[in-house]
Every structure is written in structure tokens, then in C-alpha cells.
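File shown: model-v9.txt (compact mmCIF, C-alpha atoms).
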# COMPACT_ATOMS: atom_id res chain seq x y z
CA MET A 1 0.00 0.00 0.00
CA ILE A 2 1.44 3.34 -1.03
CA ILE A 3 -0.20 6.21 0.72
CA THR A 4 2.44 8.72 -0.20
CA GLN A 5 0.98 10.73 -3.03
CA PRO A 6 2.78 12.68 -5.72
CA VAL A 7 2.85 16.40 -5.32
CA LYS A 8 -0.43 17.53 -6.75
CA PRO A 9 -0.79 20.11 -9.49
CA GLU A 10 -2.50 22.46 -7.04
CA SER A 11 0.43 22.27 -4.63
CA GLN A 12 1.96 25.67 -4.20
CA PRO A 13 5.49 26.88 -3.53
CA VAL A 14 5.80 28.45 -0.08
CA ALA A 15 6.64 32.13 -0.51
CA GLY A 16 10.23 33.00 0.40
CA SER A 17 11.46 29.42 0.57
CA ASP A 18 12.06 26.40 -1.61
CA GLU A 19 9.34 24.46 0.21
CA THR A 20 6.16 23.21 -1.45
CA LYS A 21 2.79 23.14 0.27
CA VAL A 22 1.03 19.84 -0.43
CA VAL A 23 -2.67 20.08 0.30
CA VAL A 24 -4.20 17.09 2.08
CA GLY A 25 -7.82 17.33 0.94
CA LEU A 26 -11.00 15.98 2.49
CA GLU A 27 -10.67 12.24 3.27
CA GLU A 28 -7.06 12.14 2.08
CA ILE A 29 -3.94 10.82 3.77
CA ASN A 30 -0.51 11.95 2.72
CA VAL A 31 2.92 10.82 3.93
CA SER A 32 6.23 12.36 2.94
CA ARG A 33 9.92 12.22 3.80
CA ASP A 34 10.72 15.05 1.40
CA ALA A 35 12.26 17.86 3.46
CA LYS A 36 10.89 20.43 1.03
CA VAL A 37 7.28 19.41 1.62
CA VAL A 38 4.84 21.18 3.93
CA LEU A 39 1.76 19.04 4.46
CA ALA A 40 -1.38 21.12 4.93
CA CYS A 41 -5.02 20.57 5.81
CA LEU A 42 -6.73 23.83 4.86
CA GLY A 43 -9.95 25.38 6.08
CA LEU A 44 -10.84 22.86 8.77
CA GLY A 45 -14.22 23.31 10.42
CA SER A 46 -15.72 20.19 11.93
CA CYS A 47 -13.03 18.10 10.22
CA ILE A 48 -9.86 17.13 12.07
CA ALA A 49 -6.31 17.14 10.78
CA VAL A 50 -4.18 14.46 12.42
CA SER A 51 -0.47 15.02 11.94
CA GLY A 52 2.27 12.54 12.75
CA TYR A 53 6.01 13.15 12.73
CA ASP A 54 9.00 10.93 13.37
CA PRO A 55 11.85 13.34 14.24
CA VAL A 56 14.55 10.72 13.70
CA ALA A 57 13.45 9.35 10.32
CA ARG A 58 12.06 12.81 9.43
CA VAL A 59 8.87 11.29 8.11
CA GLY A 60 5.71 13.36 8.25
CA GLY A 61 2.13 12.35 7.68
CA MET A 62 -1.29 13.93 7.77
CA ALA A 63 -4.88 12.71 7.58
CA HIS A 64 -7.93 14.88 6.89
CA ILE A 65 -10.66 13.19 8.94
CA VAL A 66 -14.25 14.08 8.01
CA LEU A 67 -16.42 11.71 10.05
CA PRO A 68 -16.10 9.73 13.29
CA ASP A 69 -16.73 6.12 12.34
CA ASN A 70 -17.32 4.04 9.21
CA GLY A 71 -19.80 1.79 11.02
CA GLY A 72 -18.38 -1.22 9.22
CA LYS A 73 -18.89 0.28 5.74
CA ALA A 74 -16.15 -0.26 3.16
CA CYS A 75 -14.04 2.82 2.54
CA GLU A 76 -11.14 1.53 0.44
CA GLY A 77 -11.08 4.55 -1.80
CA SER A 78 -10.99 7.04 1.03
CA PRO A 79 -9.61 5.53 4.25
CA GLY A 80 -8.94 9.01 5.61
CA LYS A 81 -12.64 9.81 5.73
CA TYR A 82 -13.21 8.20 9.13
CA ALA A 83 -11.27 8.51 12.39
CA ASN A 84 -11.33 4.78 13.08
CA THR A 85 -9.92 3.87 9.64
CA GLY A 86 -7.82 6.95 8.89
CA ILE A 87 -5.53 6.81 11.91
CA PRO A 88 -4.35 3.20 11.46
CA ARG A 89 -3.84 3.83 7.72
CA LEU A 90 -1.84 6.97 8.48
CA MET A 91 0.39 4.93 10.82
CA GLU A 92 0.82 2.17 8.22
CA GLY A 93 1.84 4.72 5.62
CA MET A 94 4.32 6.42 7.92
CA MET A 95 5.91 3.14 8.95
CA GLU A 96 6.19 2.06 5.31
CA ALA A 97 8.07 5.32 4.76
CA GLY A 98 10.51 4.48 7.55
CA ALA A 99 8.93 5.92 10.69
CA LEU A 100 9.01 4.04 13.98
CA LYS A 101 5.63 4.02 15.69
CA SER A 102 7.06 4.67 19.16
CA ARG A 103 8.75 7.86 17.91
CA ILE A 104 5.75 9.31 16.12
CA ILE A 105 4.57 12.62 17.60
CA ILE A 106 0.84 13.18 17.13
CA LYS A 107 -0.81 16.59 17.00
CA ILE A 108 -4.34 17.44 15.96
CA ALA A 109 -6.38 20.50 14.98
CA GLY A 110 -9.98 21.17 14.01
CA GLY A 111 -13.20 19.73 15.41
CA ALA A 112 -14.86 23.13 15.67
CA ARG A 113 -18.51 23.79 16.35
CA ILE A 114 -18.81 26.24 13.45
CA PHE A 115 -22.55 26.79 13.94
CA GLY A 116 -21.95 27.82 17.54
CA ASN A 117 -24.90 26.79 19.62
CA VAL A 118 -25.73 23.32 18.28
CA LYS A 119 -26.77 20.79 20.87
CA GLU A 120 -23.74 18.95 22.24
CA GLY A 121 -23.40 15.49 20.74
CA SER A 122 -26.25 16.05 18.25
CA LEU A 123 -26.00 14.98 14.61
CA LEU A 124 -25.05 18.54 13.63
CA ASP A 125 -22.31 18.56 16.25
CA ILE A 126 -19.97 16.67 13.96
CA GLY A 127 -16.86 18.50 15.21
CA PHE A 128 -17.45 17.30 18.76
CA ARG A 129 -18.12 13.74 17.61
CA ASN A 130 -15.04 13.78 15.38
CA LEU A 131 -12.86 14.93 18.23
CA ALA A 132 -14.09 12.16 20.54
CA ALA A 133 -13.61 9.56 17.81
CA VAL A 134 -10.10 10.73 16.91
CA LYS A 135 -8.98 10.60 20.54
CA GLN A 136 -10.48 7.14 20.93
CA ALA A 137 -8.78 5.94 17.73
CA LEU A 138 -5.44 7.27 19.00
CA ILE A 139 -5.89 5.28 22.20
CA ASP A 140 -6.98 2.19 20.27
CA ASN A 141 -3.81 2.42 18.18
CA GLY A 142 -1.50 2.95 21.14
CA LEU A 143 -0.65 6.54 20.22
CA ASN A 144 -0.13 9.49 22.55
CA LEU A 145 -1.54 12.89 21.67
CA LYS A 146 1.22 15.45 22.14
CA ASN A 147 -0.75 18.64 21.50
CA GLU A 148 -3.99 19.91 20.03
CA ASN A 149 -5.78 23.03 18.90
CA THR A 150 -9.40 21.93 18.71
CA GLY A 151 -12.99 22.97 19.41
CA GLY A 152 -14.18 26.55 19.46
CA SER A 153 -16.26 27.91 16.63
CA HIS A 154 -13.74 29.06 14.04
CA GLY A 155 -11.95 27.54 11.06
CA ARG A 156 -8.29 26.56 11.04
CA SER A 157 -5.53 25.21 8.85
CA LEU A 158 -2.80 22.84 10.06
CA LEU A 159 0.65 22.85 8.47
CA LEU A 160 3.42 20.31 9.10
CA TYR A 161 6.95 21.11 7.90
CA VAL A 162 8.56 17.76 7.09
CA SER A 163 12.07 19.22 7.36
CA SER A 164 11.72 20.11 11.05
CA GLY A 165 8.41 18.79 12.38
CA LEU A 166 7.23 22.35 12.98
CA THR A 167 3.44 22.28 13.24
CA LEU A 168 1.52 25.52 12.75
CA VAL A 169 -2.15 26.35 13.14
CA THR A 170 -3.39 29.32 11.13
CA SER A 171 -6.82 30.91 11.25
CA ALA A 172 -8.60 33.84 9.66
CA MET A 173 -8.25 36.98 11.77
CA ARG A 174 -6.19 35.21 14.49
CA GLU A 175 -2.54 34.81 15.35
CA ASN A 176 -0.71 31.71 14.15
CA ILE A 177 -0.14 29.09 16.84
CA GLU A 178 2.79 26.67 17.01
CA LEU A 179 1.65 23.33 18.35
CA MET B 1 -16.54 19.68 -13.73
CA ALA B 2 -19.10 17.37 -15.26
CA GLN B 3 -22.76 18.13 -15.64
CA VAL B 4 -25.08 16.28 -13.33
CA ASN B 5 -25.85 12.71 -14.23
CA ALA B 6 -27.92 11.85 -11.18
CA THR B 7 -31.16 11.81 -13.13
CA ALA B 8 -31.66 11.08 -16.77
CA GLY B 9 -33.34 12.59 -19.80
CA ILE B 10 -36.49 14.53 -19.09
CA GLU B 11 -35.92 14.20 -15.35
CA THR B 12 -32.64 16.08 -15.67
CA ASP B 13 -34.35 18.78 -17.69
CA VAL B 14 -37.14 19.02 -15.16
CA TRP B 15 -34.72 19.15 -12.27
CA ASP B 16 -32.54 21.78 -13.94
CA GLY B 17 -35.58 23.86 -14.78
CA LEU B 18 -36.87 23.61 -11.25
CA ILE B 19 -33.60 24.67 -9.68
CA LYS B 20 -33.10 27.53 -12.13
CA LYS B 21 -36.60 28.76 -11.47
CA GLY B 22 -35.94 28.67 -7.73
CA MET B 23 -32.62 30.46 -8.06
CA ILE B 24 -33.96 33.23 -10.27
CA ASN B 25 -36.78 33.71 -7.77
CA ALA B 26 -34.19 33.86 -4.96
CA LEU B 27 -32.25 36.59 -6.76
CA LYS B 28 -35.48 38.50 -7.31
CA GLY B 29 -36.02 38.43 -3.55
CA LEU B 30 -32.48 39.55 -2.80
CA SER B 31 -32.62 42.29 -5.40
CA GLY B 32 -35.88 43.55 -3.93
CA MET B 33 -34.42 43.64 -0.44
CA VAL B 34 -31.19 45.38 -1.42
CA GLY B 35 -33.00 47.73 -3.79
CA GLU B 36 -30.46 47.24 -6.55
CA GLU B 37 -30.79 45.46 -9.85
CA MET B 38 -28.98 42.13 -9.83
CA ALA B 39 -28.30 40.02 -12.89
CA VAL B 40 -27.66 36.28 -13.20
CA LYS B 41 -24.16 35.75 -14.56
CA SER B 42 -24.33 31.97 -14.59
CA ILE B 43 -26.19 29.04 -13.12
CA ALA B 44 -24.35 25.72 -12.92
CA ILE B 45 -25.89 22.41 -11.91
CA GLU B 46 -23.14 19.89 -11.35
CA HIS B 47 -22.22 16.59 -9.77
CA ILE B 48 -18.72 16.94 -8.37
CA PRO B 49 -16.40 15.23 -5.88
CA ALA B 50 -17.09 16.62 -2.41
CA ARG B 51 -13.45 17.56 -1.94
CA ASP B 52 -13.74 20.03 -4.84
CA MET B 53 -16.53 22.00 -3.20
CA PRO B 54 -14.37 24.62 -1.42
CA ASP B 55 -12.87 25.55 -4.81
CA MET B 56 -16.26 26.95 -5.77
CA LEU B 57 -15.70 29.60 -3.11
CA GLY B 58 -12.12 30.41 -4.05
CA GLY B 59 -10.39 27.64 -2.08
CA ALA B 60 -10.63 26.18 1.42
CA GLU B 61 -8.72 29.02 3.11
CA ASN B 62 -10.47 31.85 1.31
CA VAL B 63 -12.39 33.95 3.83
CA VAL B 64 -16.04 34.45 2.91
CA VAL B 65 -19.12 35.78 4.60
CA GLY B 66 -21.76 33.11 4.42
CA VAL B 67 -25.38 32.82 5.39
CA TYR B 68 -26.21 29.22 5.99
CA ILE B 69 -29.72 27.81 5.98
CA LEU B 70 -30.77 24.24 6.56
CA PHE B 71 -34.09 23.08 5.19
CA ASP B 72 -36.33 20.17 5.99
CA GLY B 73 -39.85 18.99 5.27
CA ALA B 74 -40.43 16.84 2.18
CA SER B 75 -36.65 16.63 1.90
CA HIS B 76 -33.68 18.26 3.54
CA GLY B 77 -30.53 19.99 2.46
CA HIS B 78 -28.30 23.03 2.78
CA ILE B 79 -28.37 26.50 1.27
CA LEU B 80 -25.39 28.84 1.38
CA LEU B 81 -25.32 32.44 0.25
CA ALA B 82 -21.66 33.44 0.20
CA HIS B 83 -19.80 36.60 -0.74
CA GLN B 84 -16.26 37.83 -0.49
CA PRO B 85 -16.02 40.20 2.52
CA GLU B 86 -15.58 43.22 0.23
CA VAL B 87 -18.84 42.38 -1.56
CA THR B 88 -20.59 41.95 1.77
CA TYR B 89 -19.35 45.37 2.87
CA ALA B 90 -20.65 46.89 -0.38
CA LEU B 91 -24.06 45.30 0.23
CA LEU B 92 -24.03 46.55 3.81
CA ASP B 93 -23.24 50.05 2.56
CA ILE B 94 -26.36 49.86 0.41
CA LEU B 95 -28.52 48.44 3.20
CA LEU B 96 -27.23 50.34 6.23
CA GLY B 97 -25.50 53.35 4.71
CA PRO B 98 -21.80 53.86 4.05
CA ALA B 99 -19.44 53.12 6.96
CA PRO B 100 -15.79 52.13 7.32
CA ARG B 101 -15.75 48.35 7.23
CA SER B 102 -12.87 45.89 7.17
CA HIS B 103 -11.90 42.36 8.22
CA ARG B 104 -13.24 42.39 11.75
CA PRO B 105 -16.09 40.66 13.54
CA LEU B 106 -19.41 41.89 12.18
CA THR B 107 -21.60 44.08 14.40
CA ASP B 108 -25.01 42.84 15.52
CA MET B 109 -26.69 45.22 13.07
CA GLU B 110 -24.51 43.97 10.20
CA ARG B 111 -25.15 40.36 11.12
CA SER B 112 -28.86 40.99 11.23
CA ALA B 113 -28.83 42.61 7.76
CA ILE B 114 -26.75 39.80 6.29
CA GLY B 115 -28.96 37.18 7.95
CA GLU B 116 -32.02 38.80 6.42
CA MET B 117 -30.39 38.69 2.98
CA GLY B 118 -29.87 34.95 3.40
CA ASN B 119 -33.33 34.50 4.81
CA ILE B 120 -35.01 36.24 1.88
CA THR B 121 -32.88 34.46 -0.70
CA GLY B 122 -33.33 31.02 0.84
CA THR B 123 -37.05 31.46 1.39
CA PHE B 124 -37.68 32.71 -2.15
CA PHE B 125 -35.78 29.70 -3.50
CA LEU B 126 -37.56 27.17 -1.31
CA ASN B 127 -40.98 28.68 -1.99
CA ALA B 128 -40.49 28.45 -5.74
CA VAL B 129 -39.33 24.84 -5.56
CA ALA B 130 -41.95 23.77 -3.02
CA ASP B 131 -44.76 25.37 -5.03
CA GLU B 132 -43.72 23.49 -8.16
CA LEU B 133 -43.41 20.20 -6.32
CA GLY B 134 -46.52 20.74 -4.22
CA VAL B 135 -44.63 19.98 -1.03
CA ARG B 136 -43.47 21.79 2.11
CA LEU B 137 -39.83 22.81 2.53
CA ASN B 138 -39.07 24.64 5.75
CA PRO B 139 -36.00 26.86 6.19
CA SER B 140 -34.10 27.11 9.47
CA PRO B 141 -33.18 30.51 10.90
CA PRO B 142 -30.12 31.84 9.04
CA ILE B 143 -26.67 31.23 10.51
CA ILE B 144 -24.19 34.00 9.72
CA LEU B 145 -20.55 33.03 9.41
CA MET B 146 -17.38 34.86 8.46
CA ASP B 147 -14.62 32.30 8.13
CA MET B 148 -12.62 30.10 5.80
CA ALA B 149 -14.75 28.63 3.02
CA GLY B 150 -13.66 25.08 3.87
CA ALA B 151 -14.73 25.49 7.48
CA ILE B 152 -18.13 26.87 6.51
CA LEU B 153 -18.79 23.98 4.12
CA ASP B 154 -17.53 21.23 6.44
CA ILE B 155 -20.82 20.36 8.12
CA ALA B 156 -22.74 20.11 4.85
CA LEU B 157 -20.01 18.05 3.23
CA ALA B 158 -19.67 15.74 6.23
CA GLN B 159 -23.41 15.05 6.20
CA ILE B 160 -23.38 14.37 2.46
CA LEU B 161 -20.20 12.25 2.65
CA GLU B 162 -21.92 9.98 5.16
CA GLU B 163 -24.06 8.80 2.24
CA ARG B 164 -21.97 9.31 -0.89
CA ASP B 165 -18.67 10.68 -2.22
CA ARG B 166 -19.93 13.15 -4.76
CA VAL B 167 -22.17 16.09 -4.17
CA PHE B 168 -24.96 17.39 -6.29
CA VAL B 169 -24.58 21.13 -6.26
CA ALA B 170 -26.38 23.98 -7.90
CA SER B 171 -24.69 27.36 -7.84
CA MET B 172 -25.46 30.78 -9.20
CA GLU B 173 -23.17 33.70 -9.74
CA TYR B 174 -24.74 37.10 -10.03
CA SER B 175 -23.66 40.64 -10.44
CA ILE B 176 -24.72 43.73 -8.60
CA LYS B 177 -24.46 47.13 -10.26
CA GLY B 178 -23.11 45.68 -13.49
CA ALA B 179 -20.06 43.48 -12.97
CA THR B 180 -18.62 45.19 -9.91
CA ALA B 181 -19.58 42.48 -7.46
CA ALA B 182 -20.53 38.85 -7.54
CA GLY B 183 -21.86 36.32 -5.10
CA ASN B 184 -22.47 32.62 -4.85
CA PHE B 185 -25.77 30.98 -4.03
CA ILE B 186 -25.21 27.28 -3.45
CA ILE B 187 -27.78 24.53 -2.94
CA LEU B 188 -26.72 21.16 -1.56
CA PRO B 189 -29.84 18.99 -1.59
CA ASN B 190 -30.20 15.62 -0.02
CA PRO B 191 -30.85 12.92 -2.69
CA GLY B 192 -34.41 12.73 -1.38
CA LEU B 193 -35.20 16.00 -3.10
CA LEU B 194 -34.18 14.57 -6.46
CA LYS B 195 -36.43 11.58 -5.88
CA LEU B 196 -39.42 13.91 -5.84
CA VAL B 197 -38.71 14.94 -9.41
CA PRO B 198 -40.02 11.91 -11.41
CA ALA B 199 -43.51 12.78 -10.23
CA LEU B 200 -43.27 16.04 -12.12
CA ASP B 201 -44.32 16.51 -15.69
CA ARG B 202 -45.24 20.17 -15.58
CA VAL B 203 -42.07 21.96 -14.62
CA ALA B 204 -39.78 21.20 -17.56
CA GLY B 205 -37.89 24.15 -18.96
Would you mind writing the file's structure down as C-alpha cells?
Amino acid sequence: MIITQPVKPESQPVAGSDETKVVVGLEEINVSRDAKVVLACLGLGSCIAVSGYDPVARVGGMAHIVLPDNGGKACEGSPGKYANTGIPRLMEGMMEAGALKSRIIIKIAGGARIFGNVKEGSLLDIGFRNLAAVKQALIDNGLNLKNENTGGSHGRSLLLYVSSGLTLVTSAMRENIEL
Amino acid sequence: MAQVNATAGIETDVWDGLIKKGMINALKGLSGMVGEEMAVKSIAIEHIPARDMPDMLGGAENVVVGVYILFDGASHGHILLAHQPEVTYALLDILLGPAPRSHRPLTDMERSAIGEMGNITGTFFLNAVADELGVRLNPSPPIILMDMAGAILDIALAQILEERDRVFVASMEYSIKGATAAGNFIILPNPGLLKLVPALDRVAG
């Protein structure tokens, strides 16, 4: 299984550097050991970006989780769609690229309640349900969550610099946050 | 992006005609509220991968002001009226009078005016469609959001992706005062709405 994807046509050079931003779209998983790559989940609302980084092998990975659980449904074409399938596939991809599971640093962002006052845990409260499912999947896969920027009611982007493991959260009208 | 293939033959024509009729009615409502002539630039009815949706609003990180309406009744779905902030400020100038506006949280008065724009547009659309179908479609109160396009679309896309990987989307671009401003009016119906169409034989065109 090769999860690492070629740099997409819509990937953009990062201004002022020789790095290339590789967008990890809805339901996608991307793994890279290319030091010039910046993995990015853009415009996260209720979705959650799960980033993994092995600082020794310098392997980075990111999954753009959309929904909590596949409920047993097949999702071969888009394993990143669900928390319970996306996280193990992200780990498999990273380990195929040379990462060691025990060294992988996990950080997450997203899971917002964009509509504000939706009832907690309701069907519309997908961000909350995603967050709970991602944390459960991390536990189920023996992974520790190092840091997070989640919840609230605003959108975010998560960027992972494969060269250094630097993980940045950016938002509209807010300061950038280093996770 | 490919044209919709969710229904076939006359059903597609009927569906397209129904949506266009609803959208033109929605713009009529918005134009009446704003008091400015608005013209349809384009109406597109497409069936696209869900992950491409944010591109319709300039990309996932592009900041837009959106009015979000859910509807239920005979079927359910999502309606989004979205503008670039600068266009929203121009509309607010028309509605509330000129004022210095920039990228900052909207005031209560501005939110109310924007919400009413979405309310009028969504209601005019739903009324036109419901009248043709002879069903009830009930809009939720408008939700006003100023954020990244991807974040605003997430809930709708997540709900749709629970059932399928591609989204049926109808969108309209329109101009205000000639070509100086444009907005997007996006409909994301649940497949149930399309299933109501075969019963129609009087809406085509």
C-alpha cells in the first residue's frame, strides 16, 4: 500500500522558501519524507487534521478526517474519511516510509462547532463527535496525543513542515499558533 | 466539472428547470431587499467530488461571509449564500448606509442585515421549488458566518459524505451594479429532493 501521493498540481510553492505546500484534501492521507514538503489541511471546520512526525526518520504524515466512524462500511477509496480507519492507515503509511511508531509525535487541529450553539453530541455537532472519535482511535492504536488546537467555533488550517516537524495552526483573523 | 448525471433525460431537464426557477426567484427576492438590480451571470448544476466544493468559493482558506440555511420537510438539504467580505461590505453600505468596514467581527446590526439577505434568498428559493413540487420545505433561521470557506462547508459536506462521495450542487453567480460584485448561491440537496422529481411533468424548462 502506497499512501504517499505525488505532489499535486494544485500544490503551491511556499513564498520566500524552496518548500512546497502539499494540500491534504477531504478524506485524504498523505505521507512524505521530502524535506521540502509542507503538508497542509486547509480550512478545517468540523473536520480534524491528524499530523504525525518521526523526528529521527524525518517522516511526516497527515490525515484529513471528516467523520467519526465508518460503522463497518467499506471505505477503500478514502480511508482518511473516518477517524477509526484513517488513523491506522496513516500509521501504516508512515511506517512504510521508515517511521518508527514509538517515535511518532501526534498533534491534531480542528473539530470546531462552526454553527456555535448546536446541541452537544447532536447529529449537527460533527466536530465534537469527530474529536471524541479521533482521541479514541489514537488510544486504540496505542498513540499518545502530544498537543492539540481543537474545538471553538472558528476555522483553522494545520501545516506540518517535514524538514523540522514544525506544526503551525493558522486561522482567519487570528494569530498563528505553534503546536 | 461534469454536468449532473444523477437523473436522466427529461428528469434532468425538469430538475434543472426547477432549480433555475428557484434560483432566479431567490435573486429577485435579494434584489428587492437590497434595492439594486442584480443580474444572473451563470447558473451551474453539477455533480462533483465533495473535496472540490471549497474551490467553488475560491479555495478552502479563502475567507467568505456566508449565510447558511438548513431546510427540511419533504426533503432536507443546505443552502449557502456566500460573498467575499468586500462584496458583503458593499451590500451593507447599500442596506445600512456607508461606513468604514474591514476584516473584523461583524456588528449585531450587520449580522442581522446579512442574515435577512440569506433569509429572503433562501425562502424565495424554497418557496419556488416547493410550489412546483406541491410539497413543504421549511428553512431554518439563518446562521451568519465569516470564516474560511472550507470550514463553513464542512458540516454540509460531512453530512453528504456519510451517504456518498460526490455532491450534487447547484450554484449561481450574479452581479450587482453591473459586474462590480458577484456572489455565490449554493444549494446542496439531499438525494431525497431529487427523488421527488419523477412525479413532475409540468415543470420542464
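Proximity ranking of A:Gly151, A:Gly110, A:Gly25, A:Gly116 relative to Gly45 of chain A places A:Gly110 first, based on all atoms listed in the file.
In this structure, the chain B residues at most 6 Å away from chain A are Arg51, Ala60, Glu61, Met148, Gly150, Ala151, Asp154 and Ala158 of chain B, with all atoms listed in the file considered.
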Can you tell me, as a short mmCIF file (atom, residue, chain, number, x, y, z; two decimals) with C-alpha atoms, in the frame of the given file, what residues are no more than 12 Å from Lys146 of chain A when counting all atoms listed in the file, ignoring any on the same chain fewer than 6 positions away?
data_model
loop_
_atom_site.label_atom_id
_atom_site.label_comp_id
_atom_site.auth_asym_id
_atom_site.auth_seq_id
_atom_site.Cartn_x
_atom_site.Cartn_y
_atom_site.Cartn_z
CA VAL A 50 -4.18 14.46 12.42
CA SER A 51 -0.47 15.02 11.94
CA GLY A 52 2.27 12.54 12.75
CA TYR A 53 6.01 13.15 12.73
CA ARG A 103 8.75 7.86 17.91
CA ILE A 104 5.75 9.31 16.12
CA ILE A 105 4.57 12.62 17.60
CA ILE A 106 0.84 13.18 17.13
CA LYS A 107 -0.81 16.59 17.00
CA ILE A 108 -4.34 17.44 15.96
CA ALA A 109 -6.38 20.50 14.98
CA LYS A 135 -8.98 10.60 20.54
CA LEU A 138 -5.44 7.27 19.00
CA THR A 167 3.44 22.28 13.24
CA LEU A 179 1.65 23.33 18.35
#
May I have the centre and edge lengths, in Å to one decimal, of an axis-aligned box around the listed atoms of segment 27-34 of chain A with 6 Å added to every side, as JSON?
{"center_x": 0.0, "center_y": 12.9, "center_z": 2.7, "size_x": 33.4, "size_y": 16.2, "size_z": 14.5}
ask   = With only C-alpha atoms as the atoms that count, which of B:Met117, B:Gly66, B:Gly134, B:Asn190 lies nearest to Val167 of chain B?
value =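 Smallest separation from Val167 of chain B among the options: B:Asn190.
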key: Counting only C-alpha atoms, the option among B:Asp13, B:Ile19, B:Met146, B:Gly73 closest to Glu132 of chain B   =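 Ranked by minimum distance to Glu132 of chain B, first place goes to B:Ile19.
Interatomic distance, atom CA of Val67 of chain B to atom CA of Ile144 of chain B: 4.6 Å.
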message = Need the shell around Ser75 of chain B: protein/DNA/RNA residues with any atom at most 10 Å away, counting all atoms listed in the file. Skip same-chain ones fewer than 4 positions apart. Format as a list in words?
response =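 Residues near the query, excluding close chain neighbours: Phe71, Val135, Arg136, Leu137, Asn138, Pro189, Asn190, Pro191, Gly192, Leu193, Leu194, Lys195 and Leu196 of chain B.
Interatomic distance, atom CA of Gly32 of chain B against atom CA of Pro105 of chain B: 26.6 Å.
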